file run-v2.txt (compact mmCIF, C-alpha atoms and all ligand atoms)
# COMPACT_ATOMS: atom_id res chain seq x y z
CA MET H 1 18.73 14.43 -13.77
CA VAL H 2 15.43 16.16 -13.06
CA ILE H 3 12.17 14.24 -13.05
CA LYS H 4 8.83 16.01 -13.44
CA PHE H 5 5.37 14.59 -12.94
CA GLY H 6 2.33 16.24 -14.46
CA SER H 7 -0.63 15.92 -16.75
CA PHE H 8 -0.40 15.31 -20.48
CA SER H 9 -1.39 18.89 -21.26
CA GLU H 10 1.27 20.27 -18.89
CA LEU H 11 4.08 18.16 -20.33
CA GLU H 12 2.82 17.54 -23.86
CA LYS H 13 5.64 19.25 -25.78
CA ASP H 14 8.35 17.30 -23.93
CA ILE H 15 6.44 14.00 -24.03
CA ARG H 16 6.05 14.35 -27.79
CA TYR H 17 9.75 15.19 -28.15
CA VAL H 18 10.70 11.81 -26.62
CA ARG H 19 7.83 9.56 -27.76
CA ASP H 20 8.05 10.77 -31.40
CA ARG H 21 11.72 9.82 -31.50
CA VAL H 22 11.57 6.54 -29.59
CA PHE H 23 8.23 5.00 -30.53
CA VAL H 24 7.38 6.57 -33.89
CA ALA H 25 10.75 7.17 -35.61
CA GLU H 26 12.76 4.35 -34.03
CA GLN H 27 10.18 1.60 -33.44
CA GLY H 28 7.76 2.40 -36.25
CA TRP H 29 4.48 2.76 -34.33
CA SER H 30 1.95 5.18 -35.79
CA ALA H 31 1.19 8.43 -33.95
CA GLY H 32 -2.34 7.09 -33.39
CA GLU H 33 -0.89 4.13 -31.51
CA VAL H 34 1.56 6.15 -29.45
CA TYR H 35 -0.93 8.81 -28.31
CA ASP H 36 -4.33 7.66 -27.07
CA ALA H 37 -7.30 8.81 -25.04
CA ALA H 38 -5.79 7.31 -21.86
CA ASP H 39 -3.02 9.94 -21.94
CA SER H 40 -5.31 12.58 -20.49
CA SER H 41 -6.15 10.45 -17.41
CA CYS H 42 -2.55 9.28 -16.83
CA ILE H 43 0.09 10.73 -14.55
CA GLN H 44 2.91 11.58 -16.93
CA LEU H 45 6.61 11.60 -16.13
CA VAL H 46 9.38 13.35 -18.05
CA ALA H 47 13.09 13.02 -17.21
CA TYR H 48 15.41 15.89 -18.18
CA ARG H 49 19.15 16.18 -18.64
CA ASP H 50 20.31 19.79 -18.84
CA GLU H 51 16.74 20.80 -19.53
CA THR H 52 16.48 18.43 -22.52
CA PRO H 53 13.71 15.84 -22.20
CA VAL H 54 15.42 12.45 -22.44
CA GLY H 55 12.91 9.95 -21.04
CA VAL H 56 9.20 9.45 -20.43
CA ALA H 57 6.72 7.13 -18.76
CA ARG H 58 3.10 7.27 -17.69
CA CYS H 59 0.93 5.53 -15.13
CA VAL H 60 -2.76 5.24 -14.41
CA PHE H 61 -4.89 3.61 -11.74
CA ASP H 62 -7.62 1.29 -12.99
CA GLU H 63 -8.21 -1.28 -10.22
CA ASP H 64 -4.42 -1.77 -10.34
CA TRP H 65 -1.67 0.62 -11.34
CA HIS H 66 -0.48 0.37 -14.91
CA ILE H 67 2.84 1.79 -16.10
CA GLY H 68 3.40 2.28 -19.81
CA ARG H 69 5.06 4.27 -22.60
CA VAL H 70 8.45 3.95 -20.92
CA GLY H 71 11.12 5.24 -23.27
CA VAL H 72 14.57 6.82 -23.22
CA LEU H 73 16.14 8.60 -26.20
CA LYS H 74 18.57 6.28 -27.97
CA GLU H 75 21.62 8.48 -27.37
CA PHE H 76 20.93 8.54 -23.60
CA ARG H 77 20.59 4.77 -23.08
CA GLY H 78 22.95 2.86 -20.84
CA LEU H 79 23.12 5.70 -18.31
CA HIS H 80 20.57 4.25 -15.87
CA ILE H 81 17.99 6.81 -16.89
CA GLY H 82 15.40 4.06 -17.47
CA VAL H 83 16.05 2.64 -14.01
CA GLU H 84 15.72 6.08 -12.41
CA ILE H 85 12.49 6.73 -14.27
CA MET H 86 11.02 3.42 -13.13
CA ARG H 87 12.15 3.87 -9.53
CA ALA H 88 10.67 7.38 -9.47
CA MET H 89 7.39 6.06 -10.88
CA ILE H 90 7.22 3.20 -8.35
CA GLU H 91 7.95 5.63 -5.49
CA HIS H 92 5.31 8.02 -6.79
CA ILE H 93 2.73 5.22 -6.90
CA SER H 94 3.72 4.09 -3.42
CA ALA H 95 3.30 7.66 -2.12
CA LEU H 96 -0.19 7.66 -3.62
CA GLY H 97 -1.11 4.60 -1.56
CA GLY H 98 0.57 1.83 -3.56
CA GLY H 99 -1.09 -1.34 -4.76
CA GLU H 100 -0.44 -3.81 -7.50
CA ILE H 101 1.67 -2.42 -10.38
CA LEU H 102 1.38 -4.03 -13.81
CA LEU H 103 3.00 -3.35 -17.14
CA HIS H 104 3.34 -4.91 -20.58
CA SER H 105 6.99 -5.25 -21.47
CA GLN H 106 8.39 -5.76 -24.89
CA LEU H 107 9.86 -9.26 -24.65
CA GLU H 108 13.36 -7.92 -25.30
CA ARG H 109 13.09 -5.60 -22.29
CA GLN H 110 11.93 -8.29 -19.84
CA GLY H 111 15.35 -8.42 -18.11
CA PHE H 112 15.31 -4.67 -17.50
CA TYR H 113 12.01 -4.89 -15.62
CA GLU H 114 13.04 -8.08 -13.78
CA ALA H 115 16.06 -6.25 -12.37
CA LEU H 116 13.63 -3.66 -10.98
CA GLY H 117 11.52 -6.30 -9.20
CA PHE H 118 8.92 -7.13 -11.83
CA SER H 119 8.13 -10.69 -12.83
CA VAL H 120 6.23 -12.26 -15.70
CA CYS H 121 2.58 -12.89 -14.81
CA GLY H 122 1.07 -14.20 -18.05
CA GLU H 123 1.54 -15.42 -21.59
CA THR H 124 3.62 -13.70 -24.28
CA TYR H 125 1.51 -12.03 -26.99
CA LEU H 126 2.00 -10.05 -30.17
CA GLN H 127 1.17 -6.36 -30.29
CA GLY H 128 1.89 -5.00 -33.74
CA LYS H 129 5.00 -6.89 -34.74
CA ILE H 130 6.54 -6.81 -31.28
CA GLU H 131 6.25 -9.61 -28.73
CA HIS H 132 5.07 -8.43 -25.33
CA VAL H 133 4.75 -10.04 -21.93
CA PRO H 134 2.63 -8.95 -18.92
CA MET H 135 4.66 -8.26 -15.77
CA ARG H 136 3.82 -7.51 -12.16
CA TYR H 137 5.89 -5.62 -9.60
CA ASN H 138 6.29 -7.98 -6.73
CA ILE H 139 8.28 -6.11 -4.11
CA VAL H 140 6.15 -5.16 -1.12
CA CYS H 141 8.91 -3.35 0.75
CA GLN H 142 12.68 -3.49 1.10
CA ASN H 143 15.71 -2.01 2.77
CA ASP H 144 19.46 -2.50 2.26
CA LYS H 145 19.38 -6.12 3.45
CA ILE H 146 15.83 -7.35 3.32
CA THR H 147 13.32 -7.64 0.52
CA ILE H 148 9.76 -8.76 1.13
CA ARG H 149 8.36 -9.79 -2.23
CA LYS H 150 5.10 -11.37 -3.27
CA MET H 151 5.23 -15.12 -3.66
CA GLU H 152 5.07 -16.20 -7.30
CA ASP H 153 3.01 -18.93 -8.96
CA CYS H 154 6.14 -20.89 -9.89
CA THR H 155 7.74 -24.17 -8.88
CA ALA H 156 10.74 -22.39 -7.37
CA ASP H 157 8.57 -20.61 -4.78
CA TYR H 158 6.39 -23.65 -4.05
CA SER H 159 9.56 -25.72 -3.56
CA LEU H 160 10.90 -23.20 -1.05
CA MET H 161 7.71 -23.64 0.96
CA SER H 162 7.71 -27.43 0.78
CA ASN H 163 11.40 -27.56 1.74
CA TRP H 164 10.88 -25.31 4.73
CA LEU H 165 7.55 -26.78 5.82
CA SER H 166 8.73 -30.37 5.71
CA ASN H 167 11.50 -29.62 8.21
CA PRO H 168 10.37 -30.75 11.70
CA VAL H 169 12.49 -28.06 13.37
CA ILE H 170 10.37 -25.39 11.68
CA LEU H 171 7.10 -27.31 11.87
CA GLU H 172 7.46 -27.50 15.64
CA TYR H 173 6.85 -23.74 15.65
CA TYR H 174 4.82 -23.24 12.46
CA GLY H 175 2.13 -25.64 11.35
CA GLY H 176 3.01 -28.65 13.50
CA ARG H 177 5.22 -31.70 12.93
CA ASP H 178 2.11 -33.73 12.14
CA ASN H 179 1.39 -31.48 9.18
CA PRO H 180 4.35 -31.52 6.76
CA ILE H 181 3.78 -29.84 3.41
CA ASN H 182 5.04 -31.48 0.22
CA LEU H 183 5.23 -29.77 -3.16
CA GLN H 184 1.70 -30.77 -4.17
CA LYS H 185 0.24 -29.52 -0.88
CA ALA H 186 2.24 -26.29 -1.15
CA ILE H 187 0.67 -25.62 -4.56
CA GLU H 188 -2.84 -26.42 -3.28
CA LYS H 189 -2.42 -24.22 -0.23
CA TYR H 190 -0.58 -21.20 -1.62
CA ARG H 191 -1.78 -20.91 -5.25
CA PRO H 192 -5.20 -19.43 -4.28
CA ARG H 193 -3.40 -16.85 -2.12
CA ILE H 194 -0.99 -15.95 -4.92
CA CYS H 195 -3.75 -15.71 -7.50
CA GLY H 196 -5.84 -13.37 -5.34
CA ASP H 197 -8.57 -15.92 -4.50
CA SER H 198 -7.83 -15.47 -0.82
CA TYR H 199 -7.60 -12.39 1.37
CA VAL H 200 -4.09 -13.47 2.45
CA ILE H 201 -1.09 -11.93 0.67
CA PRO H 202 1.76 -14.47 0.69
CA CYS H 203 5.34 -13.20 0.50
CA ILE H 204 8.87 -14.53 0.42
CA ILE H 205 11.52 -12.93 2.64
CA GLU H 206 14.91 -12.41 1.02
CA TYR H 207 18.03 -11.53 2.94
CA ASP H 208 20.93 -10.32 0.79
CA LYS H 209 18.98 -11.71 -2.18
CA THR H 210 18.70 -15.20 -0.64
CA ALA H 211 15.22 -16.53 0.12
CA VAL H 212 15.18 -17.18 3.87
CA GLY H 213 11.55 -17.30 4.90
CA TYR H 214 7.88 -16.59 4.48
CA ILE H 215 5.55 -13.85 5.68
CA GLN H 216 1.87 -13.27 4.96
CA TYR H 217 -0.30 -10.29 5.73
CA TYR H 218 -4.04 -9.85 5.48
CA LYS H 219 -6.87 -7.58 6.46
CA GLU H 220 -8.83 -9.25 9.24
CA ASP H 221 -11.78 -8.72 11.53
CA VAL H 222 -11.03 -7.98 15.16
CA GLU H 223 -12.31 -10.82 17.33
CA PRO H 224 -14.91 -9.70 19.92
CA LEU H 225 -12.72 -10.66 22.88
CA VAL H 226 -9.79 -8.70 21.47
CA ARG H 227 -12.02 -5.71 20.74
CA GLU H 228 -13.06 -5.74 24.40
CA SER H 229 -9.42 -5.80 25.52
CA LEU H 230 -8.76 -2.79 23.27
CA GLY H 231 -11.33 -0.85 25.27
CA GLY H 232 -13.87 -1.00 22.43
CA ARG H 233 -11.79 1.30 20.22
CA GLU H 234 -12.67 0.93 16.55
CA TYR H 235 -10.06 0.38 13.87
CA GLN H 236 -10.85 0.76 10.17
CA ASN H 237 -7.97 -1.28 8.78
CA PRO H 238 -6.89 -4.07 11.12
CA TYR H 239 -4.24 -6.34 9.63
CA GLY H 240 -2.73 -9.65 10.71
CA LEU H 241 0.75 -11.07 10.15
CA ASP H 242 2.25 -14.57 10.26
CA LEU H 243 5.81 -15.52 9.47
CA PHE H 244 8.63 -17.94 9.82
CA ILE H 245 12.30 -17.86 8.95
CA GLY H 246 12.78 -21.08 6.99
CA GLU H 247 16.57 -21.10 6.88
CA LEU H 248 17.70 -22.18 10.34
CA ASP H 249 21.10 -20.48 10.03
CA TYR H 250 19.21 -17.18 10.10
CA TRP H 251 17.41 -17.75 13.41
CA ASN H 252 18.33 -15.65 16.46
CA LYS H 253 20.34 -13.17 14.42
CA GLY H 254 17.89 -10.32 14.40
CA VAL H 255 16.51 -11.15 10.94
CA GLY H 256 12.97 -11.83 12.16
CA THR H 257 12.95 -8.55 14.07
CA ALA H 258 14.22 -6.61 11.06
CA VAL H 259 11.61 -8.23 8.78
CA VAL H 260 8.70 -7.52 11.13
CA LYS H 261 9.82 -3.91 11.66
CA LEU H 262 10.07 -3.42 7.90
CA ILE H 263 6.57 -4.68 7.13
CA VAL H 264 5.01 -2.95 10.14
CA ASP H 265 6.50 0.38 8.98
CA TYR H 266 5.28 -0.29 5.46
CA LEU H 267 1.72 -1.08 6.54
CA LEU H 268 1.40 1.73 9.09
CA GLN H 269 3.30 4.51 7.33
CA ASN H 270 1.38 4.01 4.09
CA SER H 271 -1.88 3.96 6.09
CA ILE H 272 -2.67 0.50 4.74
CA ALA H 273 -3.23 -0.67 8.33
CA ASP H 274 -4.12 1.30 11.45
CA ILE H 275 -3.52 -1.65 13.77
CA ILE H 276 -1.56 -4.85 13.20
CA PHE H 277 -2.09 -8.08 15.13
CA ILE H 278 0.14 -11.08 15.59
CA ASP H 279 -0.83 -14.16 17.55
CA PRO H 280 2.08 -16.35 18.73
CA GLN H 281 1.26 -19.37 20.84
CA THR H 282 2.01 -18.46 24.45
CA TRP H 283 4.90 -20.96 24.71
CA ASN H 284 6.76 -19.49 21.69
CA LYS H 285 8.98 -17.18 23.73
CA ARG H 286 11.40 -16.34 20.91
CA ALA H 287 8.59 -15.20 18.64
CA ILE H 288 7.04 -13.14 21.47
CA ARG H 289 10.40 -11.51 22.24
CA CYS H 290 10.90 -10.75 18.55
CA TYR H 291 7.50 -9.02 18.29
CA GLU H 292 8.05 -7.07 21.52
CA LYS H 293 11.22 -5.68 20.00
CA CYS H 294 9.11 -4.46 17.06
CA GLY H 295 6.73 -2.51 19.31
CA PHE H 296 3.95 -5.10 19.66
CA LYS H 297 2.14 -5.03 23.02
CA PRO H 298 0.24 -7.95 24.56
CA ILE H 299 -3.53 -7.44 24.28
CA ALA H 300 -5.17 -10.72 25.36
CA VAL H 301 -4.64 -14.44 25.74
CA LEU H 302 -7.15 -16.49 23.79
CA GLU H 303 -7.24 -19.90 25.39
CA LYS H 304 -7.18 -23.18 23.48
CA ARG H 305 -7.58 -21.34 20.15
CA GLU H 306 -5.15 -23.08 17.83
CA LEU H 307 -4.86 -26.80 17.12
CA HIS H 308 -1.14 -27.58 17.11
CA GLU H 309 0.30 -31.10 17.07
CA GLY H 310 -2.95 -32.59 18.34
CA GLU H 311 -3.52 -30.16 21.19
CA TYR H 312 -5.40 -26.87 21.41
CA LYS H 313 -2.88 -24.17 22.39
CA ASP H 314 -3.32 -20.68 23.82
CA ASN H 315 -2.51 -17.67 21.62
CA LEU H 316 -1.11 -14.40 22.89
CA ILE H 317 -2.70 -11.63 20.83
CA MET H 318 -0.27 -8.76 20.40
CA ALA H 319 -0.84 -5.52 18.52
CA VAL H 320 0.98 -2.44 17.29
CA THR H 321 -0.54 0.82 16.07
CA ALA H 322 0.98 3.94 14.59
CA VAL H 323 1.09 5.59 18.03
CA SER H 324 1.75 2.63 20.35
C1 LIG Z 1 10.03 -16.33 15.46
C2 LIG Z 1 11.04 -15.89 14.42
C3 LIG Z 1 10.30 -15.30 13.22
C4 LIG Z 1 11.94 -14.83 15.05
O1 LIG Z 1 12.94 -14.46 14.12
P1 LIG Z 1 14.48 -14.45 14.57
O2 LIG Z 1 15.23 -13.83 13.48
O3 LIG Z 1 14.88 -15.83 14.97
O4 LIG Z 1 14.37 -13.52 15.87
P2 LIG Z 1 15.36 -12.34 16.34
O5 LIG Z 1 16.77 -12.82 16.32
O6 LIG Z 1 15.05 -11.14 15.56
O7 LIG Z 1 14.83 -12.09 17.83
C5 LIG Z 1 14.64 -13.17 18.70
C6 LIG Z 1 14.70 -12.71 20.15
O8 LIG Z 1 14.20 -13.77 20.95
C7 LIG Z 1 15.18 -14.14 21.92
N1 LIG Z 1 14.99 -15.57 22.17
C8 LIG Z 1 15.42 -16.63 21.48
N2 LIG Z 1 15.02 -17.76 22.07
C9 LIG Z 1 14.32 -17.41 23.17
C10 LIG Z 1 13.64 -18.11 24.21
N3 LIG Z 1 13.62 -19.44 24.22
N4 LIG Z 1 13.04 -17.39 25.18
C11 LIG Z 1 13.04 -16.06 25.17
N5 LIG Z 1 13.67 -15.31 24.23
C12 LIG Z 1 14.30 -15.99 23.24
C13 LIG Z 1 16.50 -13.80 21.26
O9 LIG Z 1 17.53 -13.73 22.20
C14 LIG Z 1 16.12 -12.45 20.62
O10 LIG Z 1 15.96 -11.42 21.58
P3 LIG Z 1 17.14 -10.38 22.02
O11 LIG Z 1 17.55 -9.64 20.76
O12 LIG Z 1 16.51 -9.51 23.05
O13 LIG Z 1 18.26 -11.21 22.55
C15 LIG Z 1 11.95 -17.09 13.93
O14 LIG Z 1 12.77 -17.54 15.00
C16 LIG Z 1 11.17 -18.25 13.41
O15 LIG Z 1 10.83 -18.27 12.23
N6 LIG Z 1 10.85 -19.26 14.29
C17 LIG Z 1 10.10 -20.44 13.85
C18 LIG Z 1 8.67 -20.13 13.38
C19 LIG Z 1 7.89 -19.26 14.36
O16 LIG Z 1 7.96 -19.41 15.56
N7 LIG Z 1 7.09 -18.35 13.78
C20 LIG Z 1 6.30 -17.45 14.54
C21 LIG Z 1 4.93 -17.94 14.68
S1 LIG Z 1 3.94 -16.78 15.57
call {"tool": "encode", "arguments": {"input": "run-v2.txt", "output": "structure tokens"}}
result
Amino acid sequence: MVIKFGSFSELEKDIRYVRDRVFVAEQGWSAGEVYDAADSSCIQLVAYRDETPVGVARCVFDEDWHIGRVGVLKEFRGLHIGVEIMRAMIEHISALGGGEILLHSQLERQGFYEALGFSVCGETYLQGKIEHVPMRYNIVCQNDKITIRKMEDCTADYSLMSNWLSNPVILEYYGGRDNPINLQKAIEKYRPRICGDSYVIPCIIEYDKTAVGYIQYYKEDVEPLVRESLGGREYQNPYGLDLFIGELDYWNKGVGTAVVKLIVDYLLQNSIADIIFIDPQTWNKRAIRCYEKCGFKPIAVLEKRELHEGEYKDNLIMAVTAVS
């Protein structure tokens, strides 16, 4: 299959070939509804089989990315063409700098988008006679084994957090045993982050599709003392990371290292960050070793910086940049 990206005017004949059949003839929308003024500002995609246009989609950036008009000719369905179109579109968006991707799925197609990493992010509504639902792409980055996906505003994700963060073995390293998090607290703490009311982006780590931990990343200011230790060099996009593996069976098996490498590559290679900081407490040797293996270098020790189990502890500030 060949996939082409272009403007509406470049691909118009082929777009019309598919949209007229799928949306007008098959689904009964009017031409006025299927073609609109937004078409000219969208990036258009056409998929071809043996030079015949068989599928289309479009995307546009308007604060977030929006994908729409996804359609495959009836006689070519069931051949994974829709999946390939969506993957190509997501990759294209990621190559253009990424960001939040939203779409409005027909309710019947919800499962198709879920399998691609989208999840429902609002109420069902009627458009014409067809029920639709807003969906958001929630995968930040992934490889064969690991998926880092945005945390969702749902009980399942809050329960993961309260289960992990009520376990003293984990709290000893993350948050403190005097600070267990129950379900209510998990909702209070993480909902503002999920809903974008905080600068922190909260994510769940999945290993072989099992949720095993939590990672958050955020743009942050460089503290004056750290700036000094960096020789005064200015960075435009400094980011911070925090994480824990919540499933104890997954500790000391290289999972943490693989997760940190994955997100560091994602943030640096897409030029989202130009430097990434992590700040383990100086006694947390396993965490420090894990970050060293991911290319982080020690920058400074900030003394008595973090209150942990009733005592102010020292943090080792470590950093990685694209060239370090
Ligand atoms: C820190 C954490 C994310 C690391 O993930 P992980 O999957 O367990 O780590 P990895 O297996 O990838 O790497 C750990 C490394 O530390 C080493 N290590 C383990 N315990 C150690 C110790 N006490 N002293 C020194 N090194 C230690 C391991 O041998 C391994 O290094 P190696 O590959 O050179 O042998 C995870 O253990 C965790 O969630 N811990 C609890 C919460 C936490 O500390 N979060 C970090 C807050 S900054």
call {"tool": "closest_atom_pairs", "arguments": {"input": "run-v2.txt", "of": "chain H", "to": "ligand LIG 1 (chain Z)", "cutoff": "9 Å", "atoms": "all atoms listed in the file", "output": "tab-separated table"}}
result
residue	atom	partner	partner_atom	distance
H:Val169	CA	Z:LIG1	C17	8.0
H:Ile170	CA	Z:LIG1	C17	5.4
H:Leu171	CA	Z:LIG1	C18	7.5
H:Glu172	CA	Z:LIG1	C17	7.7
H:Tyr173	CA	Z:LIG1	O16	4.5
H:Tyr174	CA	Z:LIG1	C18	5.0
H:Gly175	CA	Z:LIG1	C18	8.8
H:Gly213	CA	Z:LIG1	O15	7.4
H:Tyr214	CA	Z:LIG1	O15	8.5
H:Leu241	CA	Z:LIG1	S1	8.5
H:Asp242	CA	Z:LIG1	S1	6.0
H:Leu243	CA	Z:LIG1	N7	5.3
H:Phe244	CA	Z:LIG1	O15	3.3
H:Ile245	CA	Z:LIG1	O15	3.6
H:Gly246	CA	Z:LIG1	O15	6.3
H:Glu247	CA	Z:LIG1	O15	8.3
H:Leu248	CA	Z:LIG1	O15	8.1
H:Tyr250	CA	Z:LIG1	O2	6.2
H:Trp251	CA	Z:LIG1	O3	3.5
H:Asn252	CA	Z:LIG1	O5	3.2
H:Lys253	CA	Z:LIG1	O5	4.1
H:Gly254	CA	Z:LIG1	O6	3.2
H:Val255	CA	Z:LIG1	O2	3.9
H:Gly256	CA	Z:LIG1	O1	3.3
H:Thr257	CA	Z:LIG1	O6	3.7
H:Ala258	CA	Z:LIG1	O6	6.4
H:Val259	CA	Z:LIG1	O6	8.1
H:Val260	CA	Z:LIG1	C3	8.2
H:Ile278	CA	Z:LIG1	S1	6.9
H:Asp279	CA	Z:LIG1	S1	5.8
H:Pro280	CA	Z:LIG1	S1	3.7
H:Gln281	CA	Z:LIG1	S1	6.5
H:Trp283	CA	Z:LIG1	N3	8.9
H:Asn284	CA	Z:LIG1	O16	6.2
H:Lys285	CA	Z:LIG1	N4	4.3
H:Arg286	CA	Z:LIG1	C12	3.7
H:Ala287	CA	Z:LIG1	C1	3.7
H:Ile288	CA	Z:LIG1	O8	7.2
H:Arg289	CA	Z:LIG1	O8	4.6
H:Cys290	CA	Z:LIG1	O7	4.2
H:Tyr291	CA	Z:LIG1	O7	8.0
H:Glu292	CA	Z:LIG1	C6	8.8
H:Lys293	CA	Z:LIG1	O12	7.2
H:Asn315	CA	Z:LIG1	S1	8.9
call {"tool": "closest_residue", "arguments": {"input": "run-v2.txt", "among": "H:Ser198, H:Asn237, H:Ser229, H:Thr52", "to": "Lys13 (chain H)", "atoms": "all atoms listed in the file"}}
result
H:Thr52
call {"tool": "residues_around", "arguments": {"input": "run-v2.txt", "residues": "His104 (chain H)", "least_positions_apart": "2", "cutoff": "8 Å", "atoms": "only C-alpha atoms", "output": "list in words"}}
result
Gly68, Leu102, Gln106, His132, Val133, Pro134 and Met135 of chain H
call {"tool": "closest_residue", "arguments": {"input": "run-v2.txt", "among": "H:Trp65, H:Ile146, H:Leu73, H:Leu160", "to": "Ser94 (chain H)", "atoms": "all atoms listed in the file"}}
result
H:Trp65
call {"tool": "closest_residue", "arguments": {"input": "run-v2.txt", "among": "H:Ile81, H:Ile201, H:Leu45, H:Val2", "to": "Gly99 (chain H)", "atoms": "only C-alpha atoms"}}
result
H:Ile201
call {"tool": "closest_residue", "arguments": {"input": "run-v2.txt", "among": "H:Ser119, H:Gln269, H:Asn163, H:Asn179", "to": "Lys150 (chain H)", "atoms": "only C-alpha atoms"}}
result
H:Ser119
call {"tool": "residues_around", "arguments": {"input": "run-v2.txt", "residues": "Val60 (chain H)", "least_positions_apart": "3", "cutoff": "9 Å", "atoms": "all atoms listed in the file", "output": "list in words"}}
result
Ala38, Asp39, Ser41, Cys42, Ile43, Gln44, Asp64, Trp65, His66, Ile67 and Gly68 of chain H
call {"tool": "atom_distance", "arguments": {"input": "run-v2.txt", "atom1": "CA of Asp20 (chain H)", "atom2": "CA of Cys59 (chain H)"}}
result
18.5 Å
call {"tool": "atom_distance", "arguments": {"input": "run-v2.txt", "atom1": "CA of Tyr199 (chain H)", "atom2": "CA of Pro298 (chain H)"}}
result
24.9 Å
call {"tool": "closest_residue", "arguments": {"input": "run-v2.txt", "among": "H:Ala115, H:Ile130, H:Ile317, H:Val212", "to": "Gln27 (chain H)", "atoms": "all atoms listed in the file"}}
result
H:Ile130
call {"tool": "closest_atom_pairs", "arguments": {"input": "run-v2.txt", "of": "region 85-138 of chain H", "to": "region 3-7 of chain H", "cutoff": "10 Å", "atoms": "all atoms listed in the file", "output": "CSV"}}
result
residue,atom,partner,partner_atom,distance
H:Ile85,CA,H:Ile3,CA,7.6
H:Ala88,CA,H:Ile3,CA,7.9
H:Met89,CA,H:Phe5,CA,9.0
H:His92,CA,H:Phe5,CA,9.0
call {"tool": "write_last_selection", "arguments": {"input": "run-v2.txt", "atoms": "C-alpha atoms", "output": "mmCIF file, keeping the file's coordinate frame"}}
result
data_model
loop_
_atom_site.group_PDB
_atom_site.id
_atom_site.type_symbol
_atom_site.label_atom_id
_atom_site.label_comp_id
_atom_site.auth_asym_id
_atom_site.auth_seq_id
_atom_site.Cartn_x
_atom_site.Cartn_y
_atom_site.Cartn_z
ATOM 1 C CA ILE H 85 12.490 6.730 -14.270
ATOM 2 C CA ALA H 88 10.670 7.380 -9.470
ATOM 3 C CA MET H 89 7.390 6.060 -10.880
ATOM 4 C CA HIS H 92 5.310 8.020 -6.790
#
call {"tool": "atom_distance", "arguments": {"input": "run-v2.txt", "atom1": "CA of Ser166 (chain H)", "atom2": "CA of Leu183 (chain H)"}}
result
9.6 Å
call {"tool": "residues_around", "arguments": {"input": "run-v2.txt", "residues": "Ile139 (chain H)", "least_positions_apart": "6", "cutoff": "10 Å", "atoms": "only C-alpha atoms", "output": "list in words"}}
result
Glu100, Ile101, Leu116, Gly117, Phe118, Ser119, Thr147, Ile148, Arg149, Lys150, Met151, Cys203 and Ile204 of chain H
call {"tool": "residues_around", "arguments": {"input": "run-v2.txt", "residues": "region 95-98 of chain H", "least_positions_apart": "3", "cutoff": "8 Å", "atoms": "all atoms listed in the file", "output": "ChimeraX atom specification"}}
result
/H:91-92,270-272
call {"tool": "residues_around", "arguments": {"input": "run-v2.txt", "residues": "Tyr190 (chain H)", "least_positions_apart": "3", "cutoff": "8 Å", "atoms": "all atoms listed in the file", "output": "number ranges by chain"}}
result
H: 158, 186-187, 193-194, 202
call {"tool": "axis_aligned_box", "arguments": {"input": "run-v2.txt", "around": "region 114-130 of chain H", "padding_each_side": "8 Å", "output": "lines of an AutoDock Vina configuration file"}}
result
center_x = 8.6
center_y = -9.5
center_z = -22.0
size_x = 31.0
size_y = 27.8
size_z = 41.5
call {"tool": "closest_residue", "arguments": {"input": "run-v2.txt", "among": "H:Arg191, H:Val72, H:Arg19, H:Ala156", "to": "Glu33 (chain H)", "atoms": "all atoms listed in the file"}}
result
H:Arg19
call {"tool": "decode", "arguments": {"input": "run-v2.txt", "residues": "region 118-145 of chain H", "atoms": "C-alpha atoms", "output": "tab-separated table (two decimals), in the first residue's frame"}}
result
chain	number	residue	atom	x	y	z
H	118	PHE	CA	-7.18	6.26	21.77
H	119	SER	CA	-9.54	6.51	24.72
H	120	VAL	CA	-12.87	8.20	25.29
H	121	CYS	CA	-12.47	11.68	26.77
H	122	GLY	CA	-16.02	13.04	26.90
H	123	GLU	CA	-19.72	12.46	26.52
H	124	THR	CA	-21.42	10.74	23.58
H	125	TYR	CA	-23.34	13.14	21.32
H	126	LEU	CA	-25.46	13.04	18.19
H	127	GLN	CA	-24.14	14.44	14.93
H	128	GLY	CA	-26.73	14.02	12.21
H	129	LYS	CA	-28.26	10.68	13.05
H	130	ILE	CA	-25.00	9.09	14.12
H	131	GLU	CA	-23.78	8.88	17.71
H	132	HIS	CA	-20.24	10.15	18.18
H	133	VAL	CA	-17.77	10.15	21.03
H	134	PRO	CA	-14.66	12.34	21.57
H	135	MET	CA	-11.43	10.38	21.89
H	136	ARG	CA	-7.85	11.24	22.77
H	137	TYR	CA	-4.66	9.44	21.76
H	138	ASN	CA	-2.95	8.61	24.98
H	139	ILE	CA	0.28	6.89	24.03
H	140	VAL	CA	3.31	9.07	24.67
H	141	CYS	CA	5.86	6.58	23.36
H	142	GLN	CA	6.29	2.83	23.06
H	143	ASN	CA	8.53	0.03	21.92
H	144	ASP	CA	8.03	-3.74	21.58
H	145	LYS	CA	7.68	-4.25	25.34
